[in-house]
Amino acid sequence: MSATDTLEPTTVKAYLRPIDSEGLAAFAAKGKANPASRGTNKVHTVMEGQYRSLSTVGNHAPVVVDEPLHLFGEDTAPAPGEIVLSGLGGCLAVGITAVATWKGVKLSKLEVFMEGDIGNPAAWGAGGALEKLPAEMGFQAIRVKVVVEGDASREVLDEIVKHANFYSPVANSMRNPIPMTVEMA
């Protein structure tokens, strides 16, 4: 190469690890054929002491949960509400990845930022504010911001995010009342 030759700059774009698009299509076909199908998630939680607990899911390492110092925990792990938000973020990220794959869009960046305003004026029912209704406790507002980049326009990426949000099982569990029972074993 002579001194007068110039090199063209090259840009290398790295994409996130893809999911199995054929497996996704088969899973979608199965859901289309049986829209009433349901799965069951199982978690076992054991209290260690104070407010620290370990939740085991299958054969995975336990998820540690604690409360911050101002709520009488040791602040050794995320609080329960933060774990709930992490589940929401994970579910939205899975959905965005699935919808992008379905639409043939390769993603190079995906981050989900969440904030939730949570109320606990009843002190977990331990003599705090009395006569509170369920709707007045727990998350009062959740804000989610998604940073997503890929080989599609901003408009297409925005539609992917909206579509994933609409179909997110965790987001819909938070938006919609669901039957729930808590009883002695």
# chains A, B, ... in the order shown; residues from 1 in each chain; ligands from 1

$ residues_around --residues "A:Val94" --least-positions-apart "4" --cutoff "10 Å" --atoms "only C-alpha atoms" --output "MDAnalysis selection string"
chainID A and resid 19 88:90 98:100 164 168

$ residues_around --residues "A:Gly95" --least-positions-apart "6" --cutoff "9 Å" --atoms "only C-alpha atoms" --output "list in words"
Ile160, Val161, His163, Ala164, Asn165, Tyr167 and Ser168 of chain A

$ residues_around --residues "stretch 47-57 of chain A" --least-positions-apart "2" --cutoff "10 Å" --atoms "only C-alpha atoms" --output "NGL selection string"
:A and (41-45 or 59-68 or 71-80)

$ residues_around --residues "A:Trp102" --least-positions-apart "3" --cutoff "10 Å" --atoms "only C-alpha atoms" --output "PyMOL selection string"
chain A and resi 21-22+24-25+28+96-99+105+160

$ write_last_selection --atoms "N, CA and C atoms" --output "PDB file, in the first residue's frame"
ATOM      1  N   SER A  21     -35.119 -18.861  16.610  1.00  0.00           N
ATOM      2  CA  SER A  21     -36.328 -18.356  15.948  1.00  0.00           C
ATOM      3  C   SER A  21     -37.277 -19.489  15.565  1.00  0.00           C
ATOM      4  N   GLU A  22     -36.745 -20.658  15.213  1.00  0.00           N
ATOM      5  CA  GLU A  22     -37.610 -21.799  14.876  1.00  0.00           C
ATOM      6  C   GLU A  22     -38.319 -22.318  16.130  1.00  0.00           C
ATOM      7  N   LEU A  24     -39.019 -20.490  18.746  1.00  0.00           N
ATOM      8  CA  LEU A  24     -40.017 -19.465  19.068  1.00  0.00           C
ATOM      9  C   LEU A  24     -41.263 -19.651  18.212  1.00  0.00           C
ATOM     10  N   ALA A  25     -41.077 -19.918  16.924  1.00  0.00           N
ATOM     11  CA  ALA A  25     -42.225 -20.116  16.029  1.00  0.00           C
ATOM     12  C   ALA A  25     -43.039 -21.339  16.451  1.00  0.00           C
ATOM     13  N   ALA A  28     -44.977 -20.427  19.557  1.00  0.00           N
ATOM     14  CA  ALA A  28     -46.105 -19.567  19.186  1.00  0.00           C
ATOM     15  C   ALA A  28     -47.225 -20.378  18.555  1.00  0.00           C
ATOM     16  N   ILE A  96     -39.485  -8.241  24.375  1.00  0.00           N
ATOM     17  CA  ILE A  96     -38.905  -7.401  23.322  1.00  0.00           C
ATOM     18  C   ILE A  96     -37.998  -8.249  22.430  1.00  0.00           C
ATOM     19  N   THR A  97     -37.205  -9.123  23.050  1.00  0.00           N
ATOM     20  CA  THR A  97     -36.330 -10.006  22.285  1.00  0.00           C
ATOM     21  C   THR A  97     -37.146 -10.944  21.398  1.00  0.00           C
ATOM     22  N   ALA A  98     -38.217 -11.515  21.938  1.00  0.00           N
ATOM     23  CA  ALA A  98     -39.058 -12.435  21.166  1.00  0.00           C
ATOM     24  C   ALA A  98     -39.740 -11.719  20.005  1.00  0.00           C
ATOM     25  N   VAL A  99     -40.314 -10.545  20.259  1.00  0.00           N
ATOM     26  CA  VAL A  99     -41.018  -9.815  19.193  1.00  0.00           C
ATOM     27  C   VAL A  99     -40.025  -9.364  18.121  1.00  0.00           C
ATOM     28  N   VAL A 105     -35.801  -8.583  13.401  1.00  0.00           N
ATOM     29  CA  VAL A 105     -34.954  -7.448  13.792  1.00  0.00           C
ATOM     30  C   VAL A 105     -33.865  -7.954  14.725  1.00  0.00           C
ATOM     31  N   ILE A 160     -42.130  -2.562  18.555  1.00  0.00           N
ATOM     32  CA  ILE A 160     -41.728  -3.816  19.202  1.00  0.00           C
ATOM     33  C   ILE A 160     -41.892  -3.699  20.712  1.00  0.00           C
TER      34      ILE A 160
END

$ select_by_dssp --residues "stretch 7-112 of chain A" --states "strand (DSSP E)" --output "VMD selection string"
chain A and resid 44 to 49 52 to 56 63 to 65 107 to 112

$ write_last_selection --atoms "C-alpha atoms" --output "mmCIF file, in the first residue's frame"
data_model
loop_
_atom_site.group_PDB
_atom_site.id
_atom_site.type_symbol
_atom_site.label_atom_id
_atom_site.label_comp_id
_atom_site.auth_asym_id
_atom_site.auth_seq_id
_atom_site.Cartn_x
_atom_site.Cartn_y
_atom_site.Cartn_z
ATOM 1 C CA HIS A 44 -40.023 -21.900 47.796
ATOM 2 C CA THR A 45 -39.084 -19.130 50.260
ATOM 3 C CA VAL A 46 -37.341 -19.723 53.593
ATOM 4 C CA MET A 47 -36.859 -16.935 56.122
ATOM 5 C CA GLU A 48 -33.314 -16.746 57.544
ATOM 6 C CA GLY A 49 -34.046 -14.135 60.189
ATOM 7 C CA ARG A 52 -33.661 -11.757 55.022
ATOM 8 C CA SER A 53 -35.105 -14.680 53.051
ATOM 9 C CA LEU A 54 -33.973 -17.115 50.393
ATOM 10 C CA SER A 55 -36.281 -18.027 47.517
ATOM 11 C CA THR A 56 -35.416 -21.126 45.532
ATOM 12 C CA VAL A 63 -32.655 -15.390 45.223
ATOM 13 C CA VAL A 64 -31.819 -13.435 48.370
ATOM 14 C CA VAL A 65 -34.329 -10.835 49.550
ATOM 15 C CA LEU A 107 -30.942 -6.144 18.535
ATOM 16 C CA SER A 108 -27.572 -4.664 19.494
ATOM 17 C CA LYS A 109 -28.608 -3.125 22.824
ATOM 18 C CA LEU A 110 -31.501 -3.642 25.221
ATOM 19 C CA GLU A 111 -31.751 -2.096 28.676
ATOM 20 C CA VAL A 112 -34.846 -1.647 30.838
#

$ atom_distance --atom1 "atom CA of A:Phe166" --atom2 "atom CA of A:Leu92"
9.6 Å

$ closest_residue --among "A:Gly23, A:Val170, A:Met137, A:Arg143" --to "A:Trp124" --atoms "only C-alpha atoms"
A:Met137

$ closest_residue --among "A:Val156, A:Leu7, A:Ala26, A:Met174" --to "A:Ala135" --atoms "only C-alpha atoms"
A:Met174

$ select_by_dssp --residues "stretch 36-173 of chain A" --states "helix (DSSP H, G or I)" --output "PyMOL selection string"
chain A and resi 69-71+80-102+123-125+134-136+154-167+169-173

$ residues_around --residues "A:Ile142" --least-positions-apart "5" --cutoff "9 Å" --atoms "only C-alpha atoms" --output "list in words"
Leu85, Met114, Glu115, Gly116, Asp117 and Ile118 of chain A

$ write_last_selection --atoms "C-alpha atoms" --output "mmCIF file, in the first residue's frame"
data_model
loop_
_atom_site.group_PDB
_atom_site.id
_atom_site.type_symbol
_atom_site.label_atom_id
_atom_site.label_comp_id
_atom_site.auth_asym_id
_atom_site.auth_seq_id
_atom_site.Cartn_x
_atom_site.Cartn_y
_atom_site.Cartn_z
ATOM 1 C CA LEU A 85 -39.517 -4.829 39.392
ATOM 2 C CA MET A 114 -37.706 0.812 36.168
ATOM 3 C CA GLU A 115 -38.923 2.930 39.053
ATOM 4 C CA GLY A 116 -41.840 2.088 41.268
ATOM 5 C CA ASP A 117 -43.517 4.207 43.924
ATOM 6 C CA ILE A 118 -44.516 1.782 46.655
#

$ decode --residues "stretch 147-175 of chain A" --atoms "N, CA, C and O atoms" --output "PDB file, in the first residue's frame"
ATOM      1  N   VAL A 147     -34.288   1.279  26.602  1.00  0.00           N
ATOM      2  CA  VAL A 147     -33.272   1.676  25.630  1.00  0.00           C
ATOM      3  C   VAL A 147     -33.052   0.465  24.737  1.00  0.00           C
ATOM      4  O   VAL A 147     -32.647  -0.596  25.218  1.00  0.00           O
ATOM      5  N   VAL A 148     -33.376   0.615  23.464  1.00  0.00           N
ATOM      6  CA  VAL A 148     -33.231  -0.506  22.537  1.00  0.00           C
ATOM      7  C   VAL A 148     -32.635   0.006  21.229  1.00  0.00           C
ATOM      8  O   VAL A 148     -33.014   1.064  20.738  1.00  0.00           O
ATOM      9  N   GLU A 149     -31.668  -0.744  20.737  1.00  0.00           N
ATOM     10  CA  GLU A 149     -31.046  -0.430  19.458  1.00  0.00           C
ATOM     11  C   GLU A 149     -30.962  -1.709  18.652  1.00  0.00           C
ATOM     12  O   GLU A 149     -30.831  -2.805  19.204  1.00  0.00           O
ATOM     13  N   GLY A 150     -31.042  -1.562  17.352  1.00  0.00           N
ATOM     14  CA  GLY A 150     -30.949  -2.715  16.473  1.00  0.00           C
ATOM     15  C   GLY A 150     -30.973  -2.286  15.031  1.00  0.00           C
ATOM     16  O   GLY A 150     -30.865  -1.091  14.724  1.00  0.00           O
ATOM     17  N   ASP A 151     -31.164  -3.247  14.145  1.00  0.00           N
ATOM     18  CA  ASP A 151     -31.120  -2.941  12.718  1.00  0.00           C
ATOM     19  C   ASP A 151     -32.509  -2.590  12.183  1.00  0.00           C
ATOM     20  O   ASP A 151     -32.937  -3.080  11.148  1.00  0.00           O
ATOM     21  N   ALA A 152     -33.203  -1.718  12.913  1.00  0.00           N
ATOM     22  CA  ALA A 152     -34.530  -1.243  12.502  1.00  0.00           C
ATOM     23  C   ALA A 152     -34.656   0.223  12.888  1.00  0.00           C
ATOM     24  O   ALA A 152     -33.895   0.733  13.714  1.00  0.00           O
ATOM     25  N   SER A 153     -35.640   0.889  12.301  1.00  0.00           N
ATOM     26  CA  SER A 153     -35.873   2.304  12.610  1.00  0.00           C
ATOM     27  C   SER A 153     -36.393   2.458  14.035  1.00  0.00           C
ATOM     28  O   SER A 153     -36.876   1.505  14.653  1.00  0.00           O
ATOM     29  N   ARG A 154     -36.315   3.673  14.544  1.00  0.00           N
ATOM     30  CA  ARG A 154     -36.835   3.971  15.882  1.00  0.00           C
ATOM     31  C   ARG A 154     -38.323   3.642  15.957  1.00  0.00           C
ATOM     32  O   ARG A 154     -38.805   3.147  16.965  1.00  0.00           O
ATOM     33  N   GLU A 155     -39.052   3.890  14.892  1.00  0.00           N
ATOM     34  CA  GLU A 155     -40.489   3.614  14.867  1.00  0.00           C
ATOM     35  C   GLU A 155     -40.763   2.113  14.999  1.00  0.00           C
ATOM     36  O   GLU A 155     -41.670   1.710  15.734  1.00  0.00           O
ATOM     37  N   VAL A 156     -40.002   1.300  14.290  1.00  0.00           N
ATOM     38  CA  VAL A 156     -40.182  -0.151  14.372  1.00  0.00           C
ATOM     39  C   VAL A 156     -39.799  -0.642  15.764  1.00  0.00           C
ATOM     40  O   VAL A 156     -40.511  -1.465  16.367  1.00  0.00           O
ATOM     41  N   LEU A 157     -38.699  -0.138  16.307  1.00  0.00           N
ATOM     42  CA  LEU A 157     -38.286  -0.532  17.653  1.00  0.00           C
ATOM     43  C   LEU A 157     -39.332  -0.127  18.689  1.00  0.00           C
ATOM     44  O   LEU A 157     -39.638  -0.887  19.606  1.00  0.00           O
ATOM     45  N   ASP A 158     -39.929   1.059  18.525  1.00  0.00           N
ATOM     46  CA  ASP A 158     -40.978   1.521  19.437  1.00  0.00           C
ATOM     47  C   ASP A 158     -42.188   0.587  19.360  1.00  0.00           C
ATOM     48  O   ASP A 158     -42.779   0.237  20.384  1.00  0.00           O
ATOM     49  N   GLU A 159     -42.555   0.166  18.173  1.00  0.00           N
ATOM     50  CA  GLU A 159     -43.685  -0.761  18.016  1.00  0.00           C
ATOM     51  C   GLU A 159     -43.377  -2.105  18.670  1.00  0.00           C
ATOM     52  O   GLU A 159     -44.247  -2.713  19.282  1.00  0.00           O
ATOM     53  N   ILE A 160     -42.130  -2.562  18.555  1.00  0.00           N
ATOM     54  CA  ILE A 160     -41.728  -3.816  19.202  1.00  0.00           C
ATOM     55  C   ILE A 160     -41.892  -3.699  20.712  1.00  0.00           C
ATOM     56  O   ILE A 160     -42.435  -4.596  21.357  1.00  0.00           O
ATOM     57  N   VAL A 161     -41.449  -2.579  21.285  1.00  0.00           N
ATOM     58  CA  VAL A 161     -41.566  -2.363  22.741  1.00  0.00           C
ATOM     59  C   VAL A 161     -43.033  -2.326  23.151  1.00  0.00           C
ATOM     60  O   VAL A 161     -43.435  -2.976  24.128  1.00  0.00           O
ATOM     61  N   LYS A 162     -43.865  -1.611  22.421  1.00  0.00           N
ATOM     62  CA  LYS A 162     -45.295  -1.518  22.748  1.00  0.00           C
ATOM     63  C   LYS A 162     -45.965  -2.888  22.658  1.00  0.00           C
ATOM     64  O   LYS A 162     -46.779  -3.245  23.507  1.00  0.00           O
ATOM     65  N   HIS A 163     -45.633  -3.640  21.630  1.00  0.00           N
ATOM     66  CA  HIS A 163     -46.211  -4.974  21.434  1.00  0.00           C
ATOM     67  C   HIS A 163     -45.803  -5.904  22.587  1.00  0.00           C
ATOM     68  O   HIS A 163     -46.635  -6.626  23.149  1.00  0.00           O
ATOM     69  N   ALA A 164     -44.522  -5.879  22.944  1.00  0.00           N
ATOM     70  CA  ALA A 164     -44.028  -6.722  24.048  1.00  0.00           C
ATOM     71  C   ALA A 164     -44.691  -6.330  25.363  1.00  0.00           C
ATOM     72  O   ALA A 164     -45.055  -7.201  26.169  1.00  0.00           O
ATOM     73  N   ASN A 165     -44.871  -5.049  25.609  1.00  0.00           N
ATOM     74  CA  ASN A 165     -45.537  -4.585  26.827  1.00  0.00           C
ATOM     75  C   ASN A 165     -46.979  -5.087  26.878  1.00  0.00           C
ATOM     76  O   ASN A 165     -47.443  -5.577  27.905  1.00  0.00           O
ATOM     77  N   PHE A 166     -47.679  -4.995  25.758  1.00  0.00           N
ATOM     78  CA  PHE A 166     -49.086  -5.419  25.708  1.00  0.00           C
ATOM     79  C   PHE A 166     -49.230  -6.898  26.057  1.00  0.00           C
ATOM     80  O   PHE A 166     -50.177  -7.292  26.731  1.00  0.00           O
ATOM     81  N   TYR A 167     -48.286  -7.730  25.608  1.00  0.00           N
ATOM     82  CA  TYR A 167     -48.380  -9.173  25.813  1.00  0.00           C
ATOM     83  C   TYR A 167     -47.544  -9.694  26.976  1.00  0.00           C
ATOM     84  O   TYR A 167     -47.499 -10.910  27.194  1.00  0.00           O
ATOM     85  N   SER A 168     -46.892  -8.837  27.737  1.00  0.00           N
ATOM     86  CA  SER A 168     -46.040  -9.280  28.845  1.00  0.00           C
ATOM     87  C   SER A 168     -46.865  -9.923  29.959  1.00  0.00           C
ATOM     88  O   SER A 168     -47.729  -9.273  30.555  1.00  0.00           O
ATOM     89  N   PRO A 169     -46.595 -11.203  30.289  1.00  0.00           N
ATOM     90  CA  PRO A 169     -47.330 -11.836  31.389  1.00  0.00           C
ATOM     91  C   PRO A 169     -47.131 -11.114  32.728  1.00  0.00           C
ATOM     92  O   PRO A 169     -48.083 -10.950  33.486  1.00  0.00           O
ATOM     93  N   VAL A 170     -45.927 -10.679  33.018  1.00  0.00           N
ATOM     94  CA  VAL A 170     -45.682 -10.009  34.302  1.00  0.00           C
ATOM     95  C   VAL A 170     -46.320  -8.621  34.305  1.00  0.00           C
ATOM     96  O   VAL A 170     -46.977  -8.244  35.283  1.00  0.00           O
ATOM     97  N   ALA A 171     -46.175  -7.854  33.225  1.00  0.00           N
ATOM     98  CA  ALA A 171     -46.819  -6.529  33.170  1.00  0.00           C
ATOM     99  C   ALA A 171     -48.329  -6.665  33.304  1.00  0.00           C
ATOM    100  O   ALA A 171     -48.972  -5.894  34.025  1.00  0.00           O
ATOM    101  N   ASN A 172     -48.904  -7.672  32.647  1.00  0.00           N
ATOM    102  CA  ASN A 172     -50.353  -7.861  32.751  1.00  0.00           C
ATOM    103  C   ASN A 172     -50.761  -8.346  34.134  1.00  0.00           C
ATOM    104  O   ASN A 172     -51.844  -8.001  34.615  1.00  0.00           O
ATOM    105  N   SER A 173     -49.904  -9.112  34.807  1.00  0.00           N
ATOM    106  CA  SER A 173     -50.203  -9.512  36.185  1.00  0.00           C
ATOM    107  C   SER A 173     -50.239  -8.295  37.092  1.00  0.00           C
ATOM    108  O   SER A 173     -51.023  -8.236  38.045  1.00  0.00           O
ATOM    109  N   MET A 174     -49.407  -7.313  36.811  1.00  0.00           N
ATOM    110  CA  MET A 174     -49.370  -6.101  37.633  1.00  0.00           C
ATOM    111  C   MET A 174     -50.515  -5.147  37.289  1.00  0.00           C
ATOM    112  O   MET A 174     -51.003  -4.428  38.147  1.00  0.00           O
ATOM    113  N   ARG A 175     -50.925  -5.134  36.026  1.00  0.00           N
ATOM    114  CA  ARG A 175     -51.997  -4.228  35.590  1.00  0.00           C
ATOM    115  C   ARG A 175     -53.384  -4.738  35.939  1.00  0.00           C
ATOM    116  O   ARG A 175     -54.314  -3.952  36.093  1.00  0.00           O
TER     117      ARG A 175
END
